[in-house]
Every structure is written in structure tokens, then in C-alpha cells.
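Asker: Sharing run_8.cif, mmCIF, C-alpha atoms:
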data_query
#
loop_
_atom_site.label_atom_id
_atom_site.label_comp_id
_atom_site.auth_asym_id
_atom_site.auth_seq_id
_atom_site.Cartn_x
_atom_site.Cartn_y
_atom_site.Cartn_z
CA MET A 13 95.38 114.86 88.77
CA GLN A 14 96.02 111.15 89.36
CA LEU A 15 93.05 108.96 90.28
CA TYR A 16 93.56 105.99 92.60
CA PRO A 17 90.83 103.33 92.76
CA ALA A 18 90.91 101.92 96.29
CA ILE A 19 91.08 98.29 97.33
CA ASP A 20 90.75 97.98 101.11
CA LEU A 21 91.57 94.47 102.33
CA SER A 22 90.28 92.62 105.37
CA ALA A 23 90.56 88.85 105.70
CA GLY A 24 91.52 88.73 102.02
CA ARG A 25 88.32 90.41 100.84
CA VAL A 26 87.60 93.87 99.43
CA VAL A 27 85.67 95.90 102.00
CA ARG A 28 84.81 99.52 102.67
CA LEU A 29 84.42 101.06 106.10
CA THR A 30 82.06 103.88 106.93
CA GLN A 31 83.87 106.74 108.72
CA GLY A 32 86.66 104.35 109.66
CA ASP A 33 84.40 102.12 111.76
CA PHE A 34 85.37 98.43 111.50
CA ALA A 35 81.90 97.53 112.78
CA ARG A 36 80.43 99.24 109.73
CA ALA A 37 82.29 97.33 107.03
CA THR A 38 80.68 96.31 103.75
CA VAL A 39 82.14 93.49 101.67
CA TYR A 40 82.12 94.45 97.99
CA GLU A 41 84.23 91.70 96.47
CA GLU A 42 85.42 88.31 97.70
CA ASP A 43 88.28 88.23 95.18
CA PRO A 44 90.50 91.36 95.15
CA VAL A 45 92.13 90.24 91.90
CA ARG A 46 88.79 90.57 90.16
CA ALA A 47 88.51 94.17 91.40
CA ALA A 48 92.06 95.00 90.33
CA ARG A 49 91.53 93.59 86.84
CA SER A 50 88.26 95.45 86.47
CA PHE A 51 89.92 98.74 87.37
CA SER A 52 92.74 98.05 84.91
CA GLU A 53 90.31 97.24 82.09
CA LYS A 54 88.63 100.61 82.65
CA GLY A 55 91.94 102.46 82.30
CA ALA A 56 93.34 102.77 85.82
CA THR A 57 97.14 103.02 85.93
CA TRP A 58 97.42 103.23 89.74
CA LEU A 59 95.77 101.41 92.63
CA HIS A 60 95.58 102.39 96.29
CA VAL A 61 95.63 99.24 98.44
CA VAL A 62 95.11 99.31 102.20
CA ASP A 63 95.71 96.40 104.56
CA LEU A 64 93.04 97.21 107.14
CA ASP A 65 93.99 94.27 109.35
CA GLY A 66 97.62 95.39 109.28
CA ALA A 67 96.60 98.91 110.25
CA LYS A 68 95.10 97.53 113.46
CA THR A 69 97.80 94.99 114.35
CA GLY A 70 100.91 96.79 113.12
CA LYS A 71 102.06 93.96 110.85
CA PRO A 72 101.02 92.70 107.40
CA GLY A 73 97.67 90.92 107.50
CA ASN A 74 96.76 90.42 103.84
CA LEU A 75 100.03 89.50 102.14
CA PRO A 76 98.62 86.70 99.91
CA ALA A 77 95.93 89.05 98.57
CA LEU A 78 98.47 91.81 97.96
CA LYS A 79 100.78 89.45 96.07
CA ALA A 80 97.86 88.32 93.93
CA ILE A 81 96.94 91.92 93.13
CA LEU A 82 100.54 92.75 92.22
CA GLY A 83 100.57 89.79 89.85
CA ALA A 84 97.32 90.78 88.16
CA PHE A 85 97.51 94.56 87.89
CA PRO A 86 99.84 95.92 85.17
CA GLY A 87 100.05 99.45 86.55
CA LYS A 88 101.53 100.94 89.72
CA ILE A 89 100.36 100.24 93.24
CA GLN A 90 100.68 102.21 96.46
CA VAL A 91 100.12 100.29 99.69
CA GLY A 92 99.37 101.33 103.25
CA GLY A 93 98.42 99.66 106.51
CA GLY A 94 100.70 98.01 109.05
CA ILE A 95 104.02 99.21 107.64
CA ARG A 96 105.89 100.09 110.83
CA THR A 97 109.38 98.66 110.32
CA LEU A 98 112.06 99.22 107.71
CA GLU A 99 112.11 95.48 107.04
CA THR A 100 108.40 95.41 106.21
CA ALA A 101 108.77 98.47 104.01
CA LYS A 102 111.65 96.98 102.06
CA SER A 103 109.85 93.67 101.65
CA TYR A 104 106.88 95.44 100.07
CA LEU A 105 109.12 97.40 97.73
CA ASP A 106 110.92 94.19 96.78
CA LEU A 107 107.54 92.66 95.86
CA GLY A 108 107.00 95.42 93.32
CA VAL A 109 105.00 98.00 95.26
CA GLU A 110 105.69 101.40 93.73
CA ARG A 111 104.91 103.58 96.75
CA LEU A 112 104.24 103.03 100.43
CA VAL A 113 101.79 105.03 102.52
CA LEU A 114 103.05 105.17 106.09
CA GLY A 115 100.76 106.06 108.95
CA THR A 116 101.20 105.18 112.60
CA GLY A 117 104.88 104.24 112.32
CA ALA A 118 105.92 107.47 110.63
CA LEU A 119 103.82 109.62 112.95
CA THR A 120 104.82 108.05 116.26
CA ASN A 121 108.30 106.60 115.71
CA PRO A 122 110.97 109.16 114.70
CA ASP A 123 113.61 106.42 114.34
CA PHE A 124 111.48 104.55 111.82
CA LEU A 125 110.71 107.70 109.87
CA GLY A 126 114.39 108.65 109.86
CA ALA A 127 115.36 105.20 108.58
CA MET A 128 112.77 105.44 105.81
CA LEU A 129 114.04 108.88 104.78
CA ARG A 130 117.58 107.50 104.59
CA GLU A 131 116.87 104.12 103.01
CA CYS A 132 113.76 104.70 100.88
CA PRO A 133 113.66 108.41 99.97
CA GLY A 134 110.93 109.28 97.51
CA ARG A 135 109.30 105.85 97.81
CA PHE A 136 106.71 106.73 100.43
CA PHE A 137 104.03 109.24 101.38
CA VAL A 138 102.72 109.74 104.90
CA GLY A 139 99.04 109.10 105.47
CA VAL A 140 97.42 111.75 107.66
CA ASP A 141 93.98 110.60 108.74
CA VAL A 142 92.03 113.26 110.60
CA ARG A 143 89.00 113.00 112.87
CA GLU A 144 87.60 116.15 114.53
CA GLY A 145 90.83 118.04 113.97
CA LYS A 146 93.12 115.33 115.37
CA ILE A 147 95.32 112.79 113.59
CA ALA A 148 94.06 109.23 114.03
CA ILE A 149 96.45 106.27 114.21
CA SER A 150 96.39 102.48 114.73
CA GLY A 151 93.63 101.80 112.24
CA TRP A 152 91.86 105.02 113.28
CA LEU A 153 91.31 103.60 116.76
CA GLN A 154 93.38 106.26 118.57
CA THR A 155 94.08 109.96 118.09
CA THR A 156 97.14 112.12 118.70
CA GLU A 157 97.66 115.70 119.77
CA GLY A 158 98.92 118.46 117.51
CA SER A 159 97.68 120.28 114.42
CA PRO A 160 97.51 118.11 111.29
CA VAL A 161 98.67 120.99 109.06
CA ALA A 162 101.57 121.86 111.36
CA THR A 163 102.57 118.19 111.48
CA MET A 164 102.52 117.96 107.70
CA LYS A 165 104.61 121.12 107.34
CA LYS A 166 107.25 119.69 109.67
CA LEU A 167 107.29 116.32 107.91
CA ALA A 168 107.64 117.99 104.51
CA LYS A 169 110.55 120.02 105.86
CA ASP A 170 112.11 116.79 107.13
CA GLY A 171 111.97 115.35 103.60
CA VAL A 172 108.68 113.47 103.29
CA ALA A 173 107.82 113.34 99.58
CA GLY A 174 104.03 113.74 99.90
CA PHE A 175 100.88 112.98 101.84
CA VAL A 176 97.59 111.12 101.65
CA TYR A 177 95.10 113.19 103.67
CA THR A 178 91.87 111.51 104.76
CA ASP A 179 88.97 113.30 106.42
CA ILE A 180 87.54 110.38 108.39
CA SER A 181 84.18 112.09 108.86
CA LYS A 182 83.77 112.05 105.07
CA ASP A 183 85.12 108.58 104.41
CA GLY A 184 82.57 106.24 102.87
CA MET A 185 79.75 108.76 103.13
CA LEU A 186 79.61 109.76 99.40
CA GLU A 187 78.65 113.29 100.47
CA GLY A 188 81.61 115.15 99.00
CA PRO A 189 85.21 115.75 100.12
CA ASN A 190 86.42 118.43 102.50
CA LEU A 191 87.34 120.91 99.77
CA PRO A 192 88.42 123.82 102.04
CA VAL A 193 91.09 121.72 103.73
CA TYR A 194 92.44 120.47 100.39
CA ARG A 195 92.64 124.01 99.06
CA GLU A 196 94.52 125.03 102.20
CA LEU A 197 96.93 122.11 101.94
CA SER A 198 97.60 122.72 98.25
CA ALA A 199 98.36 126.36 98.97
CA THR A 200 100.42 125.65 102.08
CA LEU A 201 102.56 122.63 101.25
CA SER A 202 105.28 122.34 98.63
CA VAL A 203 104.85 118.55 98.25
CA PRO A 204 102.00 116.57 96.64
CA VAL A 205 98.78 115.90 98.54
CA VAL A 206 96.42 113.05 97.63
CA ALA A 207 92.82 113.52 98.78
CA SER A 208 90.85 110.68 100.32
CA GLY A 209 87.32 110.49 101.67
CA GLY A 210 83.88 111.56 100.56
CA ILE A 211 83.97 111.38 96.76
CA GLY A 212 80.48 110.49 95.55
CA THR A 213 80.12 112.14 92.14
CA LEU A 214 82.13 113.20 89.10
CA ASP A 215 81.59 116.78 90.21
CA ASP A 216 83.45 116.02 93.44
CA ILE A 217 86.41 114.88 91.36
CA LEU A 218 86.26 118.04 89.25
CA ARG A 219 86.24 120.21 92.38
CA LEU A 220 89.26 118.35 93.75
CA ARG A 221 91.08 118.79 90.45
CA GLU A 222 90.41 122.52 90.70
CA SER A 223 91.73 122.55 94.28
CA LYS A 224 95.17 121.56 92.90
CA VAL A 225 95.65 118.33 94.85
CA SER A 226 97.94 115.92 93.05
CA GLY A 227 95.57 112.97 93.28
CA ALA A 228 92.33 111.57 94.64
CA ILE A 229 91.41 108.16 96.04
CA VAL A 230 87.97 106.78 95.18
CA GLY A 231 86.51 103.77 96.89
CA ARG A 232 82.87 103.17 97.73
CA ALA A 233 81.57 105.33 94.85
CA LEU A 234 83.21 102.95 92.35
CA TYR A 235 81.78 99.83 93.98
CA THR A 236 78.25 101.23 94.21
CA GLY A 237 78.32 102.61 90.65
CA ALA A 238 77.89 106.20 91.80
CA VAL A 239 81.04 107.09 89.84
CA ASP A 240 81.98 105.64 86.46
CA LEU A 241 85.72 104.98 86.57
CA SER A 242 86.34 105.51 82.85
CA LYS A 243 84.62 108.90 82.94
CA ALA A 244 86.40 109.83 86.15
CA LEU A 245 89.80 109.05 84.63
CA GLU A 246 89.01 111.18 81.59
CA LEU A 247 87.90 114.02 83.87
CA CYS A 248 91.20 113.84 85.75
CA ARG A 249 93.15 114.00 82.50
CA THR A 250 91.27 116.76 80.71
CA GLY A 251 88.91 118.47 83.12
CA ALA A 252 85.93 117.42 81.00
CA THR A 253 83.71 114.36 81.21
CA PRO A 254 83.14 112.31 78.04
CA CYS A 255 79.60 112.12 76.66
#
The structure in this file should be written as C-alpha cells.

Answerer:
Amino acid sequence: MQLYPAIDLSAGRVVRLTQGDFARATVYEEDPVRAARSFSEKGATWLHVVDLDGAKTGKPGNLPALKAILGAFPGKIQVGGGIRTLETAKSYLDLGVERLVLGTGALTNPDFLGAMLRECPGRFFVGVDVREGKIAISGWLQTTEGSPVATMKKLAKDGVAGFVYTDISKDGMLEGPNLPVYRELSATLSVPVVASGGIGTLDDILRLRESKVSGAIVGRALYTGAVDLSKALELCRTGATPC
């Protein structure tokens, strides 16, 4: 299982929201490069970067910070938030982003999704953020109709390479991920699923590994010290924590 330390950006700073609420944001680092380097030094080979401002406005809002992270982190980076046009997507890939995580644009604009499937196949996942059984869009400020699982099945059939599934009720709470839904998704879908939301302990990571998801995103638990990144990476590789 791949582990993705999260860097959520707002106004160029590293923040974490609680249950997707922008009014409940905590600033953990003024300099995102410092966070990226720290994660790299502890063994991380991937980062998950989210442009929170872009998620709200629909266009990139933290490009200077993203460029700085790309220049400082030697591993691979997946980026989400505000990517709603093919031009924006291609510009991110040209900068060196390994994978895009598409949300609102892919879920609400069939033409955009079709263009991405034609022009950038295999270079993006779709982010499915769920609140009370409904998919949330536009920075989690609105919800859509339709079953999340049914939507993911259709998108996988259309050619989407994988998903990042976030249970918003768990996000930032450090109370454990929604394991039943990840087990269901792993058993139902033929494409990778990355889990996001709720990880607060190494045991949570072990349970996700056992659920057969392809990856897990960890945010607040790393910044508070609740999870040791080096031990978490070893657990993902071997299934056992180092002494």
C-alpha cells in the first residue's frame, strides 16, 4: 500500500480542515517546502497536494507554492483542487506533477472528463468526496445526487484509472477511517482506490492495508505527531511496525 503525506495549501500555507470546513482550518506550516522536505527525509516517495483555494474558485490558487514543492521534493506528487480545464491539467503535468486528482470538473462536466480520458489517460484519478452518502463538489461546499459507488463504477467503466475516496465526516477527526466502505470499494471496483480521511494511528493504517486499498492519505496525524511517518511507511511496505 502506498502512503501519501498530505500538504493542503491555502494562501501559500499548509493547513488542515476539520470535516471539510474552511472556517475550521488550522495552519501547521507557513512554508510548504519545509513540510515537503521533512516528509522526504523520513522516506516518503509520494506527496498528495491539494489546492484548497483552487477547489473553491475553480482555478489554480497556490501555483507558486506548488512550484516550490515540485522543486524541493525528489519523489512523485499528485495534485488536486481547481483542475477543471484541459489546459490547467496539461500545465500541471508539464510542471512535473505525476498524477492529477480531478473532482468537480470530472464529476460535473462530461466534456472535460472525455477530453482528459483522450489526452491524459492514466495520468489522473477522480476524487470522490462523500458527505452523508452524497458526493460533495466545489471545495465540499455543494453536494450532488446519485450513489457514490454507482458513480465510481460508471467512471471506471468509462476508463478512469483510479479514485481518491474521502469520507468528509472522518476528515481531520483522527478517529479512524471508514473501513467498511473501503472494503466494499476494494471488492467492487477493478481500479485502485486511495483512502482519505480519519487516519489517527498506525493501527488505522494497518486496517486499511488489510482492506486492500491501493493507498492511504495521511494529513493531520502527521502534523500533530499522532503518527510517525517513518514507522507508517514501514508498515505500508511490510505489514509490521519497526521497534

Asker: To verify the selection step, state as a ChimeraX atom specification which residues the PyMOL selection byres ((chain A and resi 202-211) around 7) yields on this input.

Answerer: /A:168,173-180,182-189,198,200-201,212-213,216-217,225-230,233

Asker: If we count only C-alpha atoms, what is near region 102-112 of chain A at a cut-off of 7 Å, once residues fewer than 4 positions away on the same chain are taken out, given as a VMD selection string?

Answerer: chain A and resid 88 to 92 98 135 to 137

Asker: Here's the selection I'm unsure about, the PyMOL selection byres ((chain A and resi 68-79) around 10); applied to the file above, which residues does it give, as a PyMOL selection string?

Answerer: chain A and resi 19+21-26+34+43-45+61-67+80-84+89+91-97+100+104+107-109+116-117+149-153

Asker: For the atom pair CA of Val161 (chain A) and CA of Leu29 (chain A), what is the interatomic distance in Å to one decimal place?

Answerer: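 So the answer is 24.7 Å.
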
Asker: Ranking A:Gly134, A:Gly55, A:Gly139, A:Gly237 by minimum distance to Val172 (chain A) and counting only C-alpha atoms, which one comes first?

Answerer: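 Nearest candidate to Val172 (chain A) out of A:Gly134, A:Gly55, A:Gly139, A:Gly237: A:Gly134.
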
Asker: Got a minute to add N, CA and C atoms to region 168-198 of chain A and dump it as a PDB file, in the coordinates of the input?

Answerer:
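The resulting file, selection20.pdb, is reproduced below:
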ATOM      1  N   ALA A 168     107.170 117.587 105.844  1.00  0.00           N
ATOM      2  CA  ALA A 168     107.640 117.990 104.510  1.00  0.00           C
ATOM      3  C   ALA A 168     109.031 118.617 104.618  1.00  0.00           C
ATOM      4  N   LYS A 169     109.237 119.419 105.643  1.00  0.00           N
ATOM      5  CA  LYS A 169     110.550 120.020 105.860  1.00  0.00           C
ATOM      6  C   LYS A 169     111.600 118.961 106.138  1.00  0.00           C
ATOM      7  N   ASP A 170     111.190 117.877 106.812  1.00  0.00           N
ATOM      8  CA  ASP A 170     112.110 116.790 107.130  1.00  0.00           C
ATOM      9  C   ASP A 170     112.475 115.958 105.894  1.00  0.00           C
ATOM     10  N   GLY A 171     111.654 116.077 104.828  1.00  0.00           N
ATOM     11  CA  GLY A 171     111.970 115.350 103.600  1.00  0.00           C
ATOM     12  C   GLY A 171     110.916 114.393 103.109  1.00  0.00           C
ATOM     13  N   VAL A 172     109.766 114.340 103.764  1.00  0.00           N
ATOM     14  CA  VAL A 172     108.680 113.470 103.290  1.00  0.00           C
ATOM     15  C   VAL A 172     108.221 113.942 101.914  1.00  0.00           C
ATOM     16  N   ALA A 173     108.063 113.005 100.985  1.00  0.00           N
ATOM     17  CA  ALA A 173     107.820 113.340  99.580  1.00  0.00           C
ATOM     18  C   ALA A 173     106.384 113.769  99.288  1.00  0.00           C
ATOM     19  N   GLY A 174     105.427 113.389 100.144  1.00  0.00           N
ATOM     20  CA  GLY A 174     104.030 113.740  99.900  1.00  0.00           C
ATOM     21  C   GLY A 174     103.135 113.134 100.952  1.00  0.00           C
ATOM     22  N   PHE A 175     101.831 113.411 100.828  1.00  0.00           N
ATOM     23  CA  PHE A 175     100.880 112.980 101.840  1.00  0.00           C
ATOM     24  C   PHE A 175      99.601 112.434 101.206  1.00  0.00           C
ATOM     25  N   VAL A 176      98.976 111.515 101.920  1.00  0.00           N
ATOM     26  CA  VAL A 176      97.590 111.120 101.650  1.00  0.00           C
ATOM     27  C   VAL A 176      96.778 111.629 102.843  1.00  0.00           C
ATOM     28  N   TYR A 177      95.882 112.576 102.591  1.00  0.00           N
ATOM     29  CA  TYR A 177      95.100 113.190 103.670  1.00  0.00           C
ATOM     30  C   TYR A 177      93.664 112.667 103.592  1.00  0.00           C
ATOM     31  N   THR A 178      93.230 112.052 104.682  1.00  0.00           N
ATOM     32  CA  THR A 178      91.870 111.510 104.760  1.00  0.00           C
ATOM     33  C   THR A 178      91.072 112.230 105.833  1.00  0.00           C
ATOM     34  N   ASP A 179      89.921 112.767 105.449  1.00  0.00           N
ATOM     35  CA  ASP A 179      88.970 113.300 106.420  1.00  0.00           C
ATOM     36  C   ASP A 179      88.050 112.143 106.793  1.00  0.00           C
ATOM     37  N   ILE A 180      88.255 111.585 107.982  1.00  0.00           N
ATOM     38  CA  ILE A 180      87.540 110.380 108.390  1.00  0.00           C
ATOM     39  C   ILE A 180      86.031 110.610 108.434  1.00  0.00           C
ATOM     40  N   SER A 181      85.614 111.809 108.786  1.00  0.00           N
ATOM     41  CA  SER A 181      84.180 112.090 108.860  1.00  0.00           C
ATOM     42  C   SER A 181      83.514 111.977 107.504  1.00  0.00           C
ATOM     43  N   LYS A 182      84.298 112.125 106.421  1.00  0.00           N
ATOM     44  CA  LYS A 182      83.770 112.050 105.070  1.00  0.00           C
ATOM     45  C   LYS A 182      83.879 110.660 104.471  1.00  0.00           C
ATOM     46  N   ASP A 183      84.767 109.841 105.036  1.00  0.00           N
ATOM     47  CA  ASP A 183      85.120 108.580 104.410  1.00  0.00           C
ATOM     48  C   ASP A 183      83.933 107.630 104.316  1.00  0.00           C
ATOM     49  N   GLY A 184      83.657 107.185 103.099  1.00  0.00           N
ATOM     50  CA  GLY A 184      82.570 106.240 102.870  1.00  0.00           C
ATOM     51  C   GLY A 184      81.186 106.827 102.875  1.00  0.00           C
ATOM     52  N   MET A 185      81.065 108.147 103.019  1.00  0.00           N
ATOM     53  CA  MET A 185      79.750 108.760 103.130  1.00  0.00           C
ATOM     54  C   MET A 185      79.176 109.201 101.780  1.00  0.00           C
ATOM     55  N   LEU A 186      80.039 109.358 100.757  1.00  0.00           N
ATOM     56  CA  LEU A 186      79.610 109.760  99.400  1.00  0.00           C
ATOM     57  C   LEU A 186      78.937 111.133  99.393  1.00  0.00           C
ATOM     58  N   GLU A 187      79.300 111.980 100.351  1.00  0.00           N
ATOM     59  CA  GLU A 187      78.650 113.290 100.470  1.00  0.00           C
ATOM     60  C   GLU A 187      79.569 114.437 100.077  1.00  0.00           C
ATOM     61  N   GLY A 188      80.682 114.125  99.443  1.00  0.00           N
ATOM     62  CA  GLY A 188      81.610 115.150  99.000  1.00  0.00           C
ATOM     63  C   GLY A 188      82.823 115.262  99.907  1.00  0.00           C
ATOM     64  N   PRO A 189      83.987 115.599  99.326  1.00  0.00           N
ATOM     65  CA  PRO A 189      85.210 115.750 100.120  1.00  0.00           C
ATOM     66  C   PRO A 189      85.268 117.085 100.840  1.00  0.00           C
ATOM     67  N   ASN A 190      86.222 117.199 101.737  1.00  0.00           N
ATOM     68  CA  ASN A 190      86.420 118.430 102.500  1.00  0.00           C
ATOM     69  C   ASN A 190      87.269 119.386 101.648  1.00  0.00           C
ATOM     70  N   LEU A 191      86.623 120.072 100.724  1.00  0.00           N
ATOM     71  CA  LEU A 191      87.340 120.910  99.770  1.00  0.00           C
ATOM     72  C   LEU A 191      88.147 122.040 100.417  1.00  0.00           C
ATOM     73  N   PRO A 192      87.615 122.739 101.437  1.00  0.00           N
ATOM     74  CA  PRO A 192      88.420 123.820 102.040  1.00  0.00           C
ATOM     75  C   PRO A 192      89.765 123.342 102.565  1.00  0.00           C
ATOM     76  N   VAL A 193      89.805 122.177 103.182  1.00  0.00           N
ATOM     77  CA  VAL A 193      91.090 121.720 103.730  1.00  0.00           C
ATOM     78  C   VAL A 193      92.050 121.353 102.601  1.00  0.00           C
ATOM     79  N   TYR A 194      91.544 120.812 101.497  1.00  0.00           N
ATOM     80  CA  TYR A 194      92.440 120.470 100.390  1.00  0.00           C
ATOM     81  C   TYR A 194      92.973 121.717  99.700  1.00  0.00           C
ATOM     82  N   ARG A 195      92.143 122.751  99.612  1.00  0.00           N
ATOM     83  CA  ARG A 195      92.640 124.010  99.060  1.00  0.00           C
ATOM     84  C   ARG A 195      93.734 124.591  99.951  1.00  0.00           C
ATOM     85  N   GLU A 196      93.517 124.515 101.268  1.00  0.00           N
ATOM     86  CA  GLU A 196      94.520 125.030 102.200  1.00  0.00           C
ATOM     87  C   GLU A 196      95.825 124.246 102.089  1.00  0.00           C
ATOM     88  N   LEU A 197      95.727 122.931 102.017  1.00  0.00           N
ATOM     89  CA  LEU A 197      96.930 122.110 101.940  1.00  0.00           C
ATOM     90  C   LEU A 197      97.684 122.352 100.641  1.00  0.00           C
ATOM     91  N   SER A 198      96.957 122.469  99.540  1.00  0.00           N
ATOM     92  CA  SER A 198      97.600 122.720  98.250  1.00  0.00           C
ATOM     93  C   SER A 198      98.333 124.049  98.246  1.00  0.00           C
TER      94      SER A 198
END
